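Structure file structure.tsv (TSV, C-alpha atoms) is printed below.
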```tsv
chain	number	residue	atom	x	y	z
A	515	MET	CA	0.00	0.00	0.00
A	516	HIS	CA	1.30	3.42	-0.84
A	517	LEU	CA	-0.02	6.90	-1.31
A	518	LEU	CA	-0.63	7.86	-4.93
A	519	HIS	CA	-1.39	11.55	-4.96
A	520	ARG	CA	-3.11	14.34	-3.07
A	521	ARG	CA	-6.20	15.90	-4.55
A	522	HIS	CA	-8.28	18.49	-2.74
A	523	ARG	CA	-6.47	17.71	0.52
A	524	THR	CA	-7.63	14.08	0.46
A	525	GLN	CA	-5.16	11.22	0.40
A	526	TYR	CA	-5.85	8.21	-1.77
A	527	LEU	CA	-4.48	4.74	-1.25
A	528	THR	CA	-4.09	1.97	-3.79
A	529	LEU	CA	-5.37	-1.38	-2.65
A	530	PRO	CA	-5.58	-4.64	-4.56
A	531	SER	CA	-8.54	-4.71	-6.90
A	532	SER	CA	-9.84	-7.79	-5.11
A	533	CYS	CA	-10.45	-5.80	-1.93
A	534	PRO	CA	-14.24	-5.39	-1.60
A	535	PHE	CA	-13.95	-2.49	0.85
A	536	GLN	CA	-11.51	-0.36	-1.12
A	537	LYS	CA	-13.70	2.75	-1.32
A	538	THR	CA	-14.78	2.48	2.31
A	539	LEU	CA	-11.21	2.15	3.57
A	540	GLN	CA	-10.07	5.07	1.47
A	541	CYS	CA	-12.93	7.24	2.67
A	542	LEU	CA	-12.65	6.37	6.35
A	543	PHE	CA	-8.99	5.99	7.21
A	544	LEU	CA	-6.99	7.94	4.69
A	545	SER	CA	-8.70	11.26	4.41
A	546	ASP	CA	-8.53	14.56	6.17
A	547	GLN	CA	-12.18	14.07	7.09
A	548	TRP	CA	-11.21	11.10	9.30
A	549	THR	CA	-8.44	13.14	10.90
A	550	LYS	CA	-10.83	16.03	11.54
A	551	LEU	CA	-13.45	13.66	12.95
A	552	VAL	CA	-10.92	12.23	15.41
A	553	ALA	CA	-9.82	15.73	16.41
A	554	ILE	CA	-13.43	16.90	16.84
A	555	SER	CA	-14.20	13.85	18.98
A	556	ARG	CA	-11.23	14.74	21.20
A	557	PHE	CA	-12.52	18.28	21.61
A	558	LEU	CA	-16.03	16.96	22.21
A	559	GLY	CA	-14.74	14.62	24.91
A	560	THR	CA	-12.69	17.37	26.53
A	561	GLU	CA	-15.49	19.90	26.29
A	562	GLY	CA	-17.98	17.38	27.64
A	563	MET	CA	-15.71	16.59	30.57
A	564	TYR	CA	-15.41	20.26	31.53
A	565	ALA	CA	-19.16	20.79	31.08
A	566	ALA	CA	-20.01	17.71	33.16
A	567	MET	CA	-17.67	18.75	35.95
A	568	THR	CA	-19.17	22.25	35.98
A	569	LEU	CA	-22.70	20.85	36.05
A	570	PHE	CA	-21.81	18.42	38.84
A	571	LEU	CA	-20.28	21.17	40.99
A	572	HIS	CA	-23.26	23.43	40.39
A	573	ILE	CA	-25.80	20.73	41.30
A	574	LEU	CA	-23.90	19.91	44.49
A	575	TYR	CA	-23.76	23.59	45.40
A	576	LYS	CA	-27.48	24.12	44.83
A	577	ARG	CA	-28.34	21.03	46.90
A	578	HIS	CA	-26.08	22.28	49.72
A	579	SER	CA	-24.03	19.09	49.68
A	580	LEU	CA	-20.82	20.46	48.19
A	581	GLU	CA	-19.01	20.29	51.54
A	582	LEU	CA	-19.77	16.56	51.74
A	583	TRP	CA	-17.99	15.88	48.46
A	584	TYR	CA	-15.17	18.43	48.30
A	585	THR	CA	-12.82	20.32	50.57
A	586	PRO	CA	-11.47	23.78	49.70
A	587	GLY	CA	-8.22	22.08	48.68
A	588	ASN	CA	-10.05	19.85	46.22
A	589	LEU	CA	-11.83	22.85	44.74
A	590	SER	CA	-8.53	24.68	44.26
A	591	GLN	CA	-7.23	21.64	42.37
A	592	ILE	CA	-10.35	21.67	40.20
A	593	ARG	CA	-9.82	25.39	39.61
A	594	LEU	CA	-6.24	24.65	38.51
A	595	PHE	CA	-7.58	22.03	36.12
A	596	GLY	CA	-9.94	24.64	34.68
A	597	ILE	CA	-7.09	27.13	34.31
A	598	LEU	CA	-4.99	24.55	32.45
A	599	GLY	CA	-7.96	23.85	30.17
A	600	THR	CA	-8.30	27.59	29.58
A	601	LEU	CA	-4.66	27.86	28.51
A	602	ALA	CA	-5.01	24.82	26.25
A	603	GLY	CA	-8.19	26.26	24.71
A	604	ILE	CA	-6.50	29.59	23.99
A	605	ALA	CA	-3.55	27.81	22.38
A	606	ALA	CA	-5.86	25.65	20.26
A	607	ILE	CA	-7.96	28.62	19.12
A	608	CYS	CA	-4.87	30.57	18.09
A	609	SER	CA	-3.42	27.53	16.34
A	610	TYR	CA	-6.51	26.59	14.35
A	611	PHE	CA	-7.43	30.11	13.33
A	612	GLY	CA	-3.79	30.80	12.47
A	613	ILE	CA	-3.64	27.72	10.24
A	614	ALA	CA	-6.92	28.71	8.58
A	615	VAL	CA	-5.70	32.23	7.85
A	616	GLU	CA	-2.31	31.01	6.66
A	617	ASN	CA	-3.91	28.51	4.26
A	618	HIS	CA	-6.35	31.18	2.98
A	619	GLU	CA	-9.34	28.98	3.79
A	620	ASP	CA	-12.84	30.11	2.97
A	621	LEU	CA	-15.41	30.33	5.69
A	622	PRO	CA	-17.07	26.95	6.28
A	623	TRP	CA	-19.92	25.93	4.05
A	624	ARG	CA	-21.40	22.57	3.11
A	625	GLU	CA	-18.59	21.62	0.76
A	626	ASN	CA	-15.69	22.27	3.15
A	627	LEU	CA	-17.39	21.74	6.50
A	628	SER	CA	-15.43	18.63	7.43
A	629	THR	CA	-12.04	20.06	6.46
A	630	SER	CA	-12.37	23.56	7.86
A	631	HIS	CA	-9.97	24.74	10.53
A	632	TYR	CA	-12.52	27.38	11.49
A	633	ILE	CA	-14.85	24.64	12.76
A	634	MET	CA	-12.01	23.20	14.83
A	635	GLY	CA	-11.40	26.68	16.23
A	636	CYS	CA	-15.06	26.86	17.23
A	637	TRP	CA	-14.79	23.54	19.07
A	638	ALA	CA	-11.69	24.85	20.80
A	639	PHE	CA	-13.67	27.95	21.78
A	640	LEU	CA	-16.37	25.78	23.36
A	641	THR	CA	-13.69	23.92	25.30
A	642	LEU	CA	-12.30	27.28	26.42
A	643	LYS	CA	-15.76	28.41	27.51
A	644	TRP	CA	-16.39	25.38	29.69
A	645	ALA	CA	-12.87	25.45	31.14
A	646	ILE	CA	-13.33	29.09	32.15
A	647	SER	CA	-16.71	28.32	33.69
A	648	LEU	CA	-15.23	25.38	35.64
A	649	ALA	CA	-12.41	27.54	36.98
A	650	GLY	CA	-14.81	30.34	37.86
A	651	PHE	CA	-17.37	28.14	39.60
A	652	ALA	CA	-14.68	26.23	41.50
A	653	HIS	CA	-13.17	29.53	42.67
A	654	HIS	CA	-16.56	30.92	43.74
A	655	TYR	CA	-17.61	27.72	45.51
A	656	ARG	CA	-14.22	27.48	47.23
A	657	LYS	CA	-14.63	31.00	48.62
A	658	SER	CA	-18.13	30.23	49.88
A	659	LEU	CA	-16.92	26.95	51.37
A	660	LEU	CA	-14.07	28.69	53.22
A	661	ASP	CA	-16.57	31.01	54.88
A	662	GLU	CA	-18.44	28.10	56.46
A	663	TYR	CA	-15.80	25.34	56.45
A	664	HIS	CA	-14.55	24.20	59.86
A	665	PRO	CA	-12.40	21.05	59.87
A	666	LEU	CA	-13.22	18.52	62.59
A	667	LEU	CA	-9.62	18.11	63.75
A	668	ALA	CA	-8.57	21.76	63.90
```

Can I see the file as structure tokens?
Amino acid sequence: MHLLHRRHRTQYLTLPSSCPFQKTLQCLFLSDQWTKLVAISRFLGTEGMYAAMTLFLHILYKRHSLELWYTPGNLSQIRLFGILGTLAGIAAICSYFGIAVENHEDLPWRENLSTSHYIMGCWAFLTLKWAISLAGFAHHYRKSLLDEYHPLLA
């Protein structure tokens, strides 16, 4: 198997003519669409993790059971995790939009939706949004927990 040529940013692979899944394999595993799909699923997983953590903290806070699950130290670690996600989101946004501008890409439309770096930048922005909200909520809940937190062995 070897790469033949690049056409419209899609790589094609030559397989034996007896292979019944030649078109499917070419479409799935050797195209920029597959690479973009894997990258989007990573952002979706990361964004979903930050969103789920934010939702979980908020539900615990509203039910007044946050102090049963977390200490102020735990919330500062969660805040640090949100800050690291914020930095990663900023780096990803700058990278994807920079690549899109450098390659003179058009704005996404139906034809180039799966290969657009602008779409990846939007996913990175959503990750950034949830990371900022996680850091902010963790910081706010930590402050409120410190006001009423009294360790048993102090």

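Considering all atoms listed in the file, the residue among A:Val615, A:Ile592, A:Leu601, A:Leu640 positioned nearest to Gly559 (chain A) is A:Leu640.
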
Could you give me, as a list of chain:residue names, the residues that have an atom at most 12 Å away from the point (-5.3, 26.5, 24.5) in the coordinates of the file, using all atoms listed in the file?
->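 Every residue inside that radius is included here: A:Phe557, A:Thr560, A:Gly596, A:Ile597, A:Leu598, A:Gly599, A:Thr600, A:Leu601, A:Ala602, A:Gly603, A:Ile604, A:Ala605, A:Ala606, A:Ile607, A:Cys608, A:Ser609, A:Tyr610, A:Phe611, A:Gly635, A:Trp637, A:Ala638, A:Phe639, A:Leu640, A:Thr641, A:Leu642, A:Lys643, A:Ala645, A:Ile646.
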
Measure the distance from CA of Lys576 (chain A) to CA of Phe595 (chain A) in Å and round it to one decimal.
->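 These two atoms are separated by 21.8 Å.
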
Could you name the residues that touch region 659-662 of chain A at 9 Å or less, counting all atoms listed in the file, but leaving out those on the same chain fewer than 6 positions away, as number ranges by chain?
-> A: 580-581, 585-586

Here CA of Leu594 (chain A) and CA of Arg577 (chain A) stand apart by 23.9 Å

Which polymer residues have any atom within 12 Å of an atom of Ser579 (chain A), counting all atoms listed in the file, with same-chain residues fewer than 6 positions away left out, as an MDAnalysis selection string?
-> chainID A and resid 570:573 585 655 659
